[in-house]
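Asker: This is the content of coords-v9.csv (CSV, C-alpha atoms and all ligand atoms):
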```csv
chain,number,residue,atom,x,y,z
A,971,MET,CA,28.6,3.0,-80.4
A,972,SER,CA,27.1,6.4,-79.9
A,973,HIS,CA,29.1,9.6,-80.4
A,974,ASN,CA,30.0,10.5,-76.9
A,975,GLU,CA,29.8,7.1,-75.2
A,976,GLU,CA,32.6,7.0,-72.7
A,977,LEU,CA,35.2,4.3,-73.0
A,978,VAL,CA,36.4,2.8,-69.7
A,979,VAL,CA,39.1,0.3,-69.1
A,980,THR,CA,38.1,-2.1,-66.3
A,981,THR,CA,40.7,-4.6,-65.0
A,982,SER,CA,41.0,-6.4,-61.7
A,983,THR,CA,43.2,-3.6,-60.4
A,984,ALA,CA,42.2,-0.5,-62.2
A,985,ARG,CA,39.3,1.4,-63.9
A,986,TYR,CA,40.0,4.5,-66.0
A,987,PRO,CA,38.4,6.6,-68.7
A,988,VAL,CA,39.8,6.8,-72.2
A,989,ILE,CA,38.7,10.0,-73.9
A,990,VAL,CA,39.1,10.5,-77.6
A,991,GLU,CA,38.1,14.0,-78.7
A,992,ALA,CA,39.2,16.8,-81.0
A,993,GLY,CA,40.5,19.5,-78.7
A,994,ALA,CA,40.5,17.3,-75.6
A,995,LEU,CA,43.8,18.7,-74.3
A,996,GLU,CA,42.0,22.0,-73.6
A,997,ARG,CA,39.9,20.2,-71.0
A,998,LEU,CA,42.8,18.4,-69.2
A,999,PRO,CA,42.7,20.6,-66.1
A,1000,GLN,CA,39.0,19.8,-65.5
A,1001,HIS,CA,39.6,16.0,-66.0
A,1002,LEU,CA,42.5,16.0,-63.6
A,1003,ALA,CA,40.4,17.8,-61.0
A,1004,SER,CA,37.6,15.4,-61.3
A,1005,LEU,CA,40.0,12.5,-60.8
A,1006,HIS,CA,41.4,14.3,-57.7
A,1007,LEU,CA,44.9,14.4,-59.2
A,1008,ASP,CA,45.9,17.6,-57.4
A,1009,GLY,CA,49.6,17.1,-56.7
A,1010,ALA,CA,52.4,18.5,-58.8
A,1011,LEU,CA,52.5,17.5,-62.5
A,1012,TRP,CA,55.6,16.1,-64.2
A,1013,LEU,CA,55.1,16.7,-67.9
A,1014,ILE,CA,57.3,14.5,-70.1
A,1015,SER,CA,57.4,15.0,-73.9
A,1016,ASP,CA,59.7,14.9,-76.8
A,1017,SER,CA,61.6,17.4,-78.9
A,1018,ALA,CA,59.1,17.2,-81.8
A,1019,VAL,CA,55.9,17.3,-79.8
A,1020,TYR,CA,56.6,19.7,-77.0
A,1021,PRO,CA,57.0,22.8,-79.3
A,1022,HIS,CA,53.6,22.2,-80.8
A,1023,TYR,CA,51.5,21.3,-77.7
A,1024,GLY,CA,53.7,21.2,-74.6
A,1025,SER,CA,54.1,24.9,-73.8
A,1026,ALA,CA,50.5,25.7,-74.4
A,1027,LEU,CA,49.4,22.8,-72.2
A,1028,GLU,CA,51.8,23.9,-69.5
A,1029,GLY,CA,50.3,27.4,-69.5
A,1030,ARG,CA,46.8,26.1,-69.3
A,1031,LEU,CA,47.6,23.9,-66.3
A,1032,ARG,CA,49.4,26.6,-64.5
A,1033,GLY,CA,46.5,28.9,-65.1
A,1034,ALA,CA,44.3,26.3,-63.4
A,1035,GLY,CA,46.5,26.4,-60.4
A,1036,TYR,CA,48.8,23.4,-60.9
A,1037,THR,CA,52.5,23.2,-60.3
A,1038,VAL,CA,54.0,21.9,-63.5
A,1039,HIS,CA,57.6,20.7,-64.1
A,1040,SER,CA,58.5,19.7,-67.7
A,1041,HIS,CA,61.2,17.7,-69.3
A,1042,THR,CA,61.8,17.0,-73.0
A,1043,ILE,CA,63.6,13.9,-74.4
A,1044,PRO,CA,65.0,13.8,-78.0
A,1045,SER,CA,62.4,12.5,-80.4
A,1046,GLY,CA,62.7,8.9,-81.6
A,1047,GLU,CA,63.0,5.2,-80.5
A,1048,SER,CA,66.6,5.6,-79.4
A,1049,SER,CA,65.4,7.7,-76.4
A,1050,LYS,CA,63.6,4.7,-75.0
A,1051,ASN,CA,66.6,3.6,-72.9
A,1052,LEU,CA,67.9,3.2,-69.4
A,1053,ASN,CA,70.0,6.4,-69.7
A,1054,GLN,CA,67.0,8.6,-70.5
A,1055,LEU,CA,65.2,6.8,-67.7
A,1056,GLY,CA,68.0,7.6,-65.3
A,1057,GLN,CA,67.8,11.3,-66.3
A,1058,LEU,CA,64.1,11.3,-65.6
A,1059,TYR,CA,64.7,9.9,-62.1
A,1060,SER,CA,67.3,12.6,-61.4
A,1061,TRP,CA,65.0,15.3,-62.6
A,1062,MET,CA,62.1,14.1,-60.6
A,1063,LEU,CA,63.9,13.2,-57.4
A,1064,GLY,CA,66.0,16.3,-57.6
A,1065,GLY,CA,62.8,18.4,-58.0
A,1066,GLY,CA,61.2,16.9,-54.9
A,1067,VAL,CA,58.6,14.5,-56.5
A,1068,GLU,CA,56.0,13.2,-54.0
A,1069,ARG,CA,53.8,10.1,-53.9
A,1070,ARG,CA,50.7,12.3,-54.6
A,1071,ASP,CA,52.1,13.7,-57.9
A,1072,THR,CA,51.2,12.8,-61.4
A,1073,VAL,CA,53.3,12.1,-64.6
A,1074,LEU,CA,51.8,13.4,-67.8
A,1075,ALA,CA,53.1,11.6,-70.9
A,1076,LEU,CA,52.6,13.8,-73.9
A,1077,GLY,CA,53.8,12.2,-77.1
A,1078,GLY,CA,53.9,8.9,-79.1
A,1079,GLY,CA,54.5,5.4,-77.9
A,1080,VAL,CA,58.2,6.2,-77.1
A,1081,VAL,CA,57.3,8.9,-74.6
A,1082,GLY,CA,54.3,6.9,-73.3
A,1083,ASP,CA,56.4,3.8,-72.6
A,1084,LEU,CA,59.4,5.6,-71.1
A,1085,ALA,CA,57.4,8.2,-69.0
A,1086,GLY,CA,55.0,5.4,-68.0
A,1087,PHE,CA,57.9,3.3,-66.7
A,1088,ALA,CA,59.3,6.2,-64.8
A,1089,ALA,CA,55.8,6.7,-63.2
A,1090,ALA,CA,55.6,3.0,-62.4
A,1091,SER,CA,58.9,2.9,-60.6
A,1092,VAL,CA,59.8,6.3,-59.1
A,1093,LEU,CA,58.9,6.2,-55.3
A,1094,ARG,CA,57.5,2.7,-56.2
A,1095,GLY,CA,54.9,4.2,-58.4
A,1096,ILE,CA,52.9,7.4,-58.8
A,1097,ALA,CA,49.9,8.4,-60.9
A,1098,LEU,CA,50.2,8.4,-64.7
A,1099,VAL,CA,48.1,10.1,-67.4
A,1100,GLN,CA,48.7,9.2,-71.0
A,1101,LEU,CA,48.3,12.0,-73.6
A,1102,PRO,CA,49.0,10.2,-76.9
A,1103,THR,CA,49.8,12.3,-80.0
A,1104,THR,CA,50.4,9.6,-82.6
A,1105,LEU,CA,47.7,7.5,-84.2
A,1106,LEU,CA,49.6,4.4,-83.1
A,1107,ALA,CA,49.8,5.5,-79.5
A,1108,MET,CA,46.1,6.5,-79.4
A,1109,VAL,CA,44.8,3.1,-80.7
A,1110,ASP,CA,47.4,1.0,-79.1
A,1111,ALA,CA,50.3,2.0,-76.9
A,1112,ALA,CA,48.6,4.5,-74.5
A,1113,VAL,CA,45.9,2.0,-73.4
A,1114,GLY,CA,46.6,-1.1,-71.5
A,1115,GLY,CA,49.3,-0.3,-69.0
A,1116,LYS,CA,52.4,-1.8,-70.6
A,1117,THR,CA,55.4,0.5,-69.9
A,1118,GLY,CA,59.1,0.0,-70.3
A,1119,VAL,CA,62.4,0.7,-72.1
A,1120,ASN,CA,64.7,-1.1,-74.5
A,1121,HIS,CA,67.9,-2.8,-73.6
A,1122,PRO,CA,71.0,-3.3,-75.8
A,1123,LEU,CA,70.0,-7.0,-75.9
A,1124,GLY,CA,66.5,-6.3,-77.2
A,1125,LYS,CA,63.4,-4.2,-77.4
A,1126,ASN,CA,61.0,-3.7,-74.5
A,1127,LEU,CA,62.9,-6.2,-72.3
A,1128,ILE,CA,62.7,-4.0,-69.1
A,1129,GLY,CA,59.3,-2.8,-67.9
A,1130,ALA,CA,56.2,-3.1,-65.8
A,1131,PHE,CA,52.5,-3.1,-66.0
A,1132,HIS,CA,51.3,0.3,-64.7
A,1133,GLN,CA,47.8,1.4,-65.7
A,1134,PRO,CA,47.2,5.1,-66.2
A,1135,ARG,CA,44.5,7.0,-64.3
A,1136,LEU,CA,43.3,8.6,-67.6
A,1137,VAL,CA,44.0,8.4,-71.3
A,1138,LEU,CA,43.2,11.5,-73.2
A,1139,ALA,CA,43.7,11.5,-76.9
A,1140,ASP,CA,43.3,14.8,-78.6
A,1141,THR,CA,42.8,13.9,-82.3
A,1142,GLN,CA,43.7,17.5,-83.3
A,1143,THR,CA,47.3,16.7,-82.5
A,1144,LEU,CA,47.4,14.3,-85.5
A,1145,HIS,CA,47.4,17.3,-87.8
A,1146,THR,CA,51.1,17.8,-87.3
A,1147,LEU,CA,52.1,14.1,-87.3
A,1148,PRO,CA,54.3,13.3,-90.3
A,1149,PRO,CA,52.2,11.6,-93.0
A,1150,ARG,CA,54.4,8.4,-92.9
A,1151,GLU,CA,53.8,8.1,-89.2
A,1152,LEU,CA,50.1,8.6,-89.7
A,1153,ARG,CA,49.9,5.9,-92.4
A,1154,ALA,CA,51.8,3.5,-90.1
A,1155,GLY,CA,49.1,4.1,-87.5
A,1156,TRP,CA,46.3,3.2,-89.9
A,1157,ALA,CA,47.8,-0.4,-90.0
A,1158,GLU,CA,46.8,-0.9,-86.4
A,1159,VAL,CA,43.4,0.7,-86.9
A,1160,ILE,CA,42.7,-1.7,-89.8
A,1161,LYS,CA,44.1,-4.5,-87.7
A,1162,HIS,CA,41.5,-3.7,-84.9
A,1163,GLY,CA,38.8,-4.0,-87.5
A,1164,VAL,CA,39.9,-7.4,-88.7
A,1165,ILE,CA,40.4,-8.9,-85.3
A,1166,ARG,CA,37.2,-7.7,-83.6
A,1167,ASP,CA,35.1,-5.1,-85.4
A,1168,ALA,CA,33.7,-5.8,-88.8
A,1169,GLY,CA,31.7,-2.5,-88.6
A,1170,LEU,CA,34.9,-0.5,-88.1
A,1171,PHE,CA,36.4,-2.3,-91.2
A,1172,GLU,CA,33.4,-1.3,-93.3
A,1173,GLN,CA,33.5,2.3,-92.0
A,1174,LEU,CA,37.1,2.5,-93.0
A,1175,GLU,CA,36.2,1.1,-96.5
A,1176,HIS,CA,33.5,3.8,-96.9
A,1177,TRP,CA,35.1,6.7,-95.2
A,1178,GLN,CA,37.2,7.9,-98.0
A,1179,ALA,CA,34.3,7.9,-100.5
A,1180,ASP,CA,32.0,9.5,-97.9
A,1181,SER,CA,34.4,12.3,-97.1
A,1182,GLY,CA,33.4,13.7,-100.5
A,1183,ALA,CA,36.9,13.7,-101.7
A,1184,PRO,CA,37.6,10.4,-103.5
A,1185,ASN,CA,40.4,11.9,-105.5
A,1186,MET,CA,42.0,13.7,-102.7
A,1187,ASP,CA,45.2,12.4,-101.1
A,1188,LEU,CA,44.2,10.5,-98.0
A,1189,ASP,CA,46.5,12.5,-95.7
A,1190,GLU,CA,45.0,15.7,-97.1
A,1191,ALA,CA,41.5,14.3,-96.7
A,1192,PHE,CA,42.3,13.4,-93.1
A,1193,ARG,CA,43.4,16.9,-92.3
A,1194,GLN,CA,40.0,18.2,-93.5
A,1195,THR,CA,37.6,15.6,-92.2
A,1196,PRO,CA,36.9,14.9,-88.6
A,1197,ILE,CA,37.6,11.2,-88.2
A,1198,THR,CA,37.6,11.2,-84.4
A,1199,GLU,CA,34.7,8.8,-84.6
A,1200,ILE,CA,36.7,6.1,-86.4
A,1201,ILE,CA,39.7,6.5,-84.1
A,1202,ARG,CA,37.4,6.2,-81.1
A,1203,ARG,CA,36.0,3.0,-82.5
A,1204,ALA,CA,39.5,1.6,-83.0
A,1205,VAL,CA,40.5,2.6,-79.5
A,1206,ALA,CA,37.3,0.8,-78.2
A,1207,VAL,CA,38.7,-2.5,-79.5
A,1208,LYS,CA,41.9,-2.1,-77.5
A,1209,VAL,CA,39.8,-1.0,-74.4
A,1210,ALA,CA,37.7,-4.2,-74.7
A,1211,VAL,CA,40.6,-6.5,-75.2
A,1212,VAL,CA,42.6,-5.1,-72.3
A,1213,SER,CA,39.6,-5.1,-70.0
A,1214,ALA,CA,39.1,-8.8,-70.8
A,1215,ASP,CA,42.8,-9.7,-70.3
A,1216,GLU,CA,45.0,-7.3,-68.5
A,1217,ARG,CA,48.2,-9.5,-68.3
A,1218,GLU,CA,48.3,-11.0,-71.7
A,1219,GLN,CA,47.3,-14.5,-70.6
A,1220,GLY,CA,44.4,-15.0,-73.0
A,1221,GLU,CA,42.5,-12.8,-75.4
A,1222,ARG,CA,45.1,-10.0,-75.5
A,1223,ILE,CA,47.1,-12.2,-77.9
A,1224,ILE,CA,44.7,-11.3,-80.7
A,1225,LEU,CA,46.2,-7.9,-80.8
A,1226,ASN,CA,49.3,-9.7,-82.1
A,1227,TYR,CA,47.7,-10.3,-85.5
A,1228,GLY,CA,50.2,-9.3,-88.2
A,1229,HIS,CA,52.9,-9.1,-85.7
A,1230,THR,CA,54.5,-12.5,-85.9
A,1231,VAL,CA,55.6,-11.9,-89.4
A,1232,GLY,CA,55.8,-8.1,-88.8
A,1233,HIS,CA,58.3,-8.3,-85.9
A,1234,ALA,CA,60.5,-10.8,-87.8
A,1235,LEU,CA,60.5,-8.3,-90.8
A,1236,GLU,CA,61.5,-5.4,-88.6
A,1237,ALA,CA,64.3,-7.4,-87.1
A,1238,ALA,CA,65.5,-8.9,-90.4
A,1239,MET,CA,65.6,-5.5,-92.1
A,1240,GLY,CA,67.2,-3.7,-89.1
A,1241,TYR,CA,65.0,-1.6,-86.8
A,1242,GLY,CA,64.0,1.7,-88.2
A,1243,THR,CA,64.1,0.7,-91.9
A,1244,LEU,CA,60.4,-0.1,-91.9
A,1245,LEU,CA,58.1,1.7,-89.4
A,1246,HIS,CA,56.4,-0.7,-87.1
A,1247,GLY,CA,53.0,-0.2,-88.7
A,1248,GLU,CA,54.4,-0.7,-92.2
A,1249,ALA,CA,55.8,-4.1,-91.1
A,1250,VAL,CA,52.5,-5.0,-89.5
A,1251,ALA,CA,50.7,-4.3,-92.8
A,1252,ILE,CA,52.9,-6.7,-94.6
A,1253,GLY,CA,52.6,-9.1,-91.7
A,1254,MET,CA,48.8,-9.0,-91.9
A,1255,HIS,CA,48.9,-9.8,-95.5
A,1256,ALA,CA,51.2,-12.7,-95.0
A,1257,GLU,CA,49.2,-14.1,-92.1
A,1258,ALA,CA,45.9,-13.8,-93.9
A,1259,ARG,CA,47.5,-15.8,-96.7
A,1260,ILE,CA,48.5,-18.5,-94.2
A,1261,ALA,CA,44.9,-18.5,-93.0
A,1262,THR,CA,43.7,-19.2,-96.5
A,1263,ALA,CA,46.3,-21.9,-97.0
A,1264,ILE,CA,44.9,-23.8,-94.0
A,1265,GLY,CA,41.3,-23.2,-95.2
A,1266,LEU,CA,40.4,-20.9,-92.3
A,1267,CYS,CA,39.4,-17.9,-94.5
A,1268,THR,CA,38.5,-17.2,-98.1
A,1269,PRO,CA,40.9,-15.6,-100.7
A,1270,GLU,CA,38.3,-12.7,-100.8
A,1271,LEU,CA,39.2,-11.7,-97.3
A,1272,VAL,CA,42.8,-11.4,-98.3
A,1273,GLU,CA,41.9,-9.3,-101.2
A,1274,ARG,CA,39.6,-7.0,-99.3
A,1275,GLN,CA,42.2,-6.5,-96.6
A,1276,GLN,CA,44.9,-5.8,-99.2
A,1277,GLN,CA,42.6,-3.3,-100.8
A,1278,LEU,CA,41.9,-1.4,-97.6
A,1279,LEU,CA,45.5,-1.4,-96.6
A,1280,SER,CA,46.4,0.1,-99.9
A,1281,THR,CA,43.7,2.7,-99.7
A,1282,TYR,CA,45.3,3.9,-96.5
A,1283,GLY,CA,48.7,4.1,-98.2
A,1284,LEU,CA,50.2,0.8,-96.9
A,1285,SER,CA,52.1,-1.6,-99.1
A,1286,THR,CA,51.6,-5.4,-98.5
A,1287,ALA,CA,54.5,-6.4,-100.8
A,1288,PHE,CA,57.1,-8.5,-99.2
A,1289,PRO,CA,60.3,-6.5,-99.3
A,1290,SER,CA,62.5,-7.8,-102.1
A,1291,GLY,CA,65.7,-9.5,-101.3
A,1292,ILE,CA,64.5,-10.6,-97.9
A,1293,ASP,CA,65.5,-14.2,-97.1
A,1294,ARG,CA,62.3,-16.1,-96.2
A,1295,GLU,CA,64.4,-18.7,-94.3
A,1296,ALA,CA,65.8,-15.9,-92.1
A,1297,ILE,CA,62.2,-14.7,-91.4
A,1298,LEU,CA,61.1,-18.2,-90.5
A,1299,ALA,CA,64.1,-18.6,-88.1
A,1300,LEU,CA,63.4,-15.3,-86.5
A,1301,MET,CA,59.7,-16.2,-85.9
A,1302,LEU,CA,60.7,-19.4,-84.2
A,1303,ARG,CA,62.9,-17.5,-81.9
A,1304,ASP,CA,60.2,-15.0,-80.8
A,1305,LYS,CA,59.5,-14.8,-77.1
A,1306,LYS,CA,55.9,-15.7,-77.6
A,1307,VAL,CA,56.8,-19.1,-79.2
A,1308,GLN,CA,56.2,-22.0,-76.8
A,1309,ARG,CA,57.8,-25.4,-77.4
A,1310,LYS,CA,58.7,-24.6,-81.0
A,1311,ARG,CA,55.0,-23.9,-81.8
A,1312,ILE,CA,54.2,-20.5,-83.1
A,1313,ARG,CA,50.9,-19.3,-81.8
A,1314,TRP,CA,49.3,-17.7,-84.9
A,1315,VAL,CA,46.4,-15.2,-84.7
A,1316,LEU,CA,44.6,-15.8,-88.0
A,1317,PRO,CA,41.5,-14.3,-89.5
A,1318,ALA,CA,38.5,-16.5,-90.0
A,1319,ALA,CA,36.3,-13.6,-91.3
A,1320,ILE,CA,36.5,-9.8,-91.1
A,1321,GLY,CA,35.9,-9.2,-87.3
A,1322,THR,CA,36.8,-12.7,-86.1
A,1323,VAL,CA,40.2,-14.3,-85.5
A,1324,ALA,CA,41.3,-17.8,-84.3
A,1325,VAL,CA,44.4,-18.6,-82.4
A,1326,ARG,CA,46.2,-21.7,-83.9
A,1327,ASP,CA,49.4,-23.4,-82.9
A,1328,ASP,CA,49.0,-26.3,-85.3
A,1329,VAL,CA,50.2,-24.7,-88.5
A,1330,ALA,CA,52.9,-26.8,-90.1
A,1331,VAL,CA,56.2,-25.0,-90.5
A,1332,GLU,CA,56.4,-26.3,-94.1
A,1333,LEU,CA,53.1,-24.6,-94.9
A,1334,VAL,CA,54.4,-21.3,-93.5
A,1335,ARG,CA,57.6,-21.7,-95.5
A,1336,GLU,CA,55.6,-22.3,-98.8
A,1337,THR,CA,53.3,-19.4,-98.1
A,1338,LEU,CA,56.2,-17.0,-97.5
A,1339,LEU,CA,57.9,-18.3,-100.7
A,1340,GLY,CA,54.8,-17.5,-102.6
A,1341,LEU,CA,54.7,-13.8,-101.5
A,1401,LIG,N1,53.0,0.0,-74.4
A,1401,LIG,C1,52.4,-0.6,-75.4
A,1401,LIG,O1,51.4,-1.4,-75.3
A,1401,LIG,C2,52.9,-0.4,-76.8
A,1401,LIG,C3,52.1,-0.8,-77.9
A,1401,LIG,C4,52.6,-0.5,-79.2
A,1401,LIG,C5,53.8,0.2,-79.3
A,1401,LIG,N2,54.5,0.6,-78.3
A,1401,LIG,C6,55.8,1.3,-78.4
A,1401,LIG,O2,55.5,2.5,-79.0
A,1401,LIG,C7,56.6,3.0,-79.7
A,1401,LIG,C8,56.2,3.6,-81.0
A,1401,LIG,O3,55.3,4.6,-80.9
A,1401,LIG,P1,55.0,5.7,-82.0
A,1401,LIG,O4,54.8,5.0,-83.3
A,1401,LIG,O5,54.0,6.6,-81.4
A,1401,LIG,O6,56.5,6.4,-82.1
A,1401,LIG,P2,57.1,7.7,-81.5
A,1401,LIG,O7,56.7,8.0,-80.2
A,1401,LIG,O8,58.6,7.6,-81.8
A,1401,LIG,O9,56.5,8.9,-82.5
A,1401,LIG,C9,56.8,8.9,-83.9
A,1401,LIG,C10,57.4,10.2,-84.3
A,1401,LIG,O10,56.4,11.2,-84.4
A,1401,LIG,C11,56.7,12.4,-83.6
A,1401,LIG,N3,55.5,12.9,-83.1
A,1401,LIG,C12,54.6,12.3,-82.2
A,1401,LIG,N4,53.5,13.0,-82.2
A,1401,LIG,C13,53.6,14.0,-83.0
A,1401,LIG,C14,52.7,15.0,-83.4
A,1401,LIG,N5,51.4,15.1,-82.9
A,1401,LIG,N6,53.1,16.0,-84.3
A,1401,LIG,C15,54.3,15.9,-84.8
A,1401,LIG,N7,55.2,14.9,-84.5
A,1401,LIG,C16,54.8,14.0,-83.6
A,1401,LIG,C17,57.7,11.8,-82.6
A,1401,LIG,O11,58.5,12.8,-82.1
A,1401,LIG,C18,58.4,10.8,-83.3
A,1401,LIG,O12,59.4,11.4,-84.1
A,1401,LIG,C19,57.6,1.8,-79.7
A,1401,LIG,O13,58.6,2.1,-78.8
A,1401,LIG,C20,56.8,0.7,-79.3
A,1401,LIG,O14,57.5,-0.3,-78.6
A,1401,LIG,C21,54.1,0.3,-77.0
A,1402,ZN,ZN,51.8,-3.1,-83.1
```
Transcribe the structure of this file into structure tokens.

Answerer:
Amino acid sequence: MSHNEELVVTTSTARYPVIVEAGALERLPQHLASLHLDGALWLISDSAVYPHYGSALEGRLRGAGYTVHSHTIPSGESSKNLNQLGQLYSWMLGGGVERRDTVLALGGGVVGDLAGFAAASVLRGIALVQLPTTLLAMVDAAVGGKTGVNHPLGKNLIGAFHQPRLVLADTQTLHTLPPRELRAGWAEVIKHGVIRDAGLFEQLEHWQADSGAPNMDLDEAFRQTPITEIIRRAVAVKVAVVSADEREQGERIILNYGHTVGHALEAAMGYGTLLHGEAVAIGMHAEARIATAIGLCTPELVERQQQLLSTYGLSTAFPSGIDREAILALMLRDKKVQRKRIRWVLPAAIGTVAVRDDVAVELVRETLLGL
């Protein structure tokens, strides 16, 4: 992929650009104009992101002639709820929102999902622009049109598909992201390499050495080295998968690699103990071990993946004291399980996965016990 090749999501219902650039937020007014998004702008952000980027962005948009309203939610997953959604509706309807207006979601996946669902539902749907500021949101949450909120009975149970008109990821915003959040995002980047892009995986393997700072702490190296290229390549995987399968009926399942075990770990440990990406890293390791146990991939793949995850600061060790039987029970209860068969996404080689629903529960149990 060449440096400035534009990424475009194309589904049966939508077509939109995904721009990944350092400093991209500075050019937001021009992008909005070229998409003819000329109504009022409803900027939604969170309490950690707005102070860094929100007010500057607002000023820039006003300077370009836009009417901008802004609203900030408390930072964190606990804001992704019906109560915050209700407050967004009151703010927008009370402020005279119109069908021709646009919601700007500036933040991580929490802001993107909540603001996205507000845009999907207010006045039966208005335009949405995703401005992701976490690595996870850039390579995953902001692209693909899934929006929604949590319910006391479970995560992401209420929502809608609502494709954005534009995704604009300004990689410079990652400089203020807490290092642990950044590391968690690397898990999804590495996942995209394993499931669909061997070249990305190799680039990740070589990047740290090539950055000329092999002894430097990775987070520090990241702050000094432009890695927009790598991030764009990881985003390209999501763009391709979503374009092939908008509604999660087919290929989109491959994004679930590492997540069958990962989700069970998050639930078993209590949400918030492990970050999502940290659970996915452990899940990728466990699932690659299952793939070796059924003869789908070599033990070398497991080692290579483990090495890369660890280079990017991610542990693959199964948390001690976690009951394997509880993990197994949680996996069998997952909403993606059909007729008691878990649909596993398993690596065959770096860059290629297979979907298998014929893995014996006993084999999974033994693999988990061996971790
Ligand atoms: N819609 C989808 O397809 C999809 C996919 C994956 C995940 N998600 C959702 O995404 C959410 C997780 O997203 P996340 O990991 O981005 O979490 P998040 O939005 O909570 O952001 C993580 C933390 O970083 C802070 N932050 C964000 N950007 C920052 C920046 N540039 N500088 C300083 N601080 C910053 C936030 O305030 C927050 O405290 C979950 O709710 C998950 O369900 C959705
Ligand atoms: Zn994920």

Asker: Select, from A:Gly1124, A:Gly1035, A:Gly1129, A:Tyr1020, the residue with the minimum atom-to-atom distance to Gly1078 of chain A, counting all atoms listed in the file.

Answerer: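 The answer is A:Tyr1020, which sits nearest to Gly1078 of chain A.
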
Asker: Please find the residues contacting ligand ZN 1402 (chain A) at a distance of at most 12 Å between atoms, with only C-alpha atoms and all ligand atoms counted, and report them as an MDAnalysis selection string.

Answerer: chainID A and resid 1079 1105:1112 1154:1162 1208 1223:1233 1236 1245:1251 1253:1254

Asker: Taking (49.2, 8.9, -94.5) in the coordinates of the supplied file, I want to know which residues reach to within 8 Å of it, counting all atoms listed in the file; could you give the answer as a list in words?

Answerer: Pro1148, Pro1149, Arg1150, Glu1151, Leu1152, Arg1153, Ala1154, Trp1156, Leu1188, Asp1189, Tyr1282 and Gly1283 of chain A

Asker: Extending 5 Å beyond the listed atoms of ligand LIG 1401 (chain A) on each side, what axis-aligned box results? I want centre and edge lengths in Å to one decimal, as lines of an AutoDock Vina configuration file.

Answerer:
```
center_x = 55.4
center_y = 7.3
center_z = -79.6
size_x = 18.0
size_y = 27.4
size_z = 20.4
```

Asker: Kindly give the distance, in Å, that separates atom CA of Trp1314 of chain A and atom CA of Lys1050 of chain A, rounded to a single decimal.

Answerer: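 So the two atoms, atom CA of Trp1314 of chain A and atom CA of Lys1050 of chain A, lie 28.4 Å apart.
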
Asker: Residues at most 9 Å from Leu998 of chain A, counting all atoms listed in the file, excluding those fewer than 3 positions away in the same chain, as a list of chain:residue names?

Answerer: A:Ala994, A:Leu995, A:His1001, A:Leu1002, A:Ala1003, A:Leu1027, A:Arg1030, A:Leu1031, A:Leu1138

Asker: Using only C-alpha atoms and all ligand atoms, find each residue with an atom at most 6 Å away from ligand LIG 1401 (chain A) and format the answer as a PyMOL selection string.

Answerer: chain A and resi 1016+1018-1019+1045-1047+1077-1081+1083+1103-1104+1106-1107+1110-1111+1116-1117+1143-1144+1146-1147

Asker: For atom CA of Val990 of chain A and atom CA of Asp1215 of chain A, determine how far apart the two atoms are, in Å to one decimal place.

Answerer: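 That distance, rounded to one decimal, is 21.8 Å.
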
Asker: How many Å separate atom CA of Gly1118 of chain A from atom CA of Phe1131 of chain A?

Answerer: 8.5 Å

Asker: Between A:Arg1070, A:Lys1125, A:Arg985, A:Arg1303, which is the closest to Ser1048 of chain A once you count only C-alpha atoms?

Answerer: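 Nearest to Ser1048 of chain A: A:Lys1125.
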
Asker: Could you check which of A:Val1067, A:Val1211, A:Val1205, A:Ala1299 is closest to Val1137 of chain A, using all atoms listed in the file?

Answerer: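 Ranking A:Val1067, A:Val1211, A:Val1205, A:Ala1299 by distance to Val1137 of chain A, first place goes to A:Val1205.
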
Asker: Give me the residues within 7 Å of segment 1285-1290 of chain A as a VMD selection string, counting all atoms listed in the file and dropping any in the same chain fewer than 4 places off.

Answerer: chain A and resid 1251 to 1252 1255 1276 1280 1341

Asker: Return the single residue from A:Thr1037, A:Thr1042, A:Ser1213, A:Thr1268 that is closest to Gly1024 of chain A, with distances computed using only C-alpha atoms.

Answerer: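 Going through A:Thr1037, A:Thr1042, A:Ser1213, A:Thr1268 one by one, the smallest distance to Gly1024 of chain A is for A:Thr1042.
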
Asker: Check the smallest atom-to-atom distance from each of A:Ala1168, A:Ile1292, A:Arg1259, A:Val1113 to Gly1082 of chain A using all atoms listed in the file, then report the winner.

Answerer: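 Looking at the shortest contact to Gly1082 of chain A, the residue is A:Val1113.
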
Asker: Nearest residue to Gly993 of chain A out of A:Gln1142, A:Asn1051, A:Thr1262, A:Gln1277, using only C-alpha atoms?

Answerer: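 Looking only at the distances to Gly993 of chain A, the closest residue turns out to be A:Gln1142.
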
Asker: Need to verify the contact set: Ala1097 of chain A, 10 Å, only C-alpha atoms, exclusion of same-chain residues closer than 5 positions in sequence. Can you return it as a count of residues only?

Answerer: 17

Asker: Leaving out Ala1330 of chain A and any residue of its chain fewer than 3 positions from it, which residues lie within 12 Å of it when counting all atoms listed in the file, given as a list in words?

Answerer: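 Residues near the query, excluding close chain neighbours: Ile1260, Ala1261, Ala1263, Ile1264, Leu1298, Lys1310, Arg1311, Ile1312, Arg1313, Trp1314, Arg1326, Asp1327, Leu1333, Val1334, Arg1335, Glu1336 and Thr1337 of chain A.
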
Asker: With all atoms listed in the file as the counted atoms, please give the residues lying no more than 10 Å from segment 980-982 of chain A, apart from itself and same-chain residues fewer than 3 positions off, as a compact mmCIF listing (two decimals) with C-alpha atoms, in the frame of the given file.

Answerer:
```
# COMPACT_ATOMS: atom_id res chain seq x y z
CA LEU A 977 35.20 4.30 -73.00
CA ARG A 985 39.30 1.40 -63.90
CA TYR A 986 40.00 4.50 -66.00
CA PRO A 987 38.40 6.60 -68.70
CA GLY A 1114 46.60 -1.10 -71.50
CA GLN A 1133 47.80 1.40 -65.70
CA VAL A 1209 39.80 -1.00 -74.40
CA ALA A 1210 37.70 -4.20 -74.70
CA VAL A 1212 42.60 -5.10 -72.30
CA SER A 1213 39.60 -5.10 -70.00
CA ALA A 1214 39.10 -8.80 -70.80
CA ASP A 1215 42.80 -9.70 -70.30
CA GLU A 1216 45.00 -7.30 -68.50
CA ARG A 1217 48.20 -9.50 -68.30
```
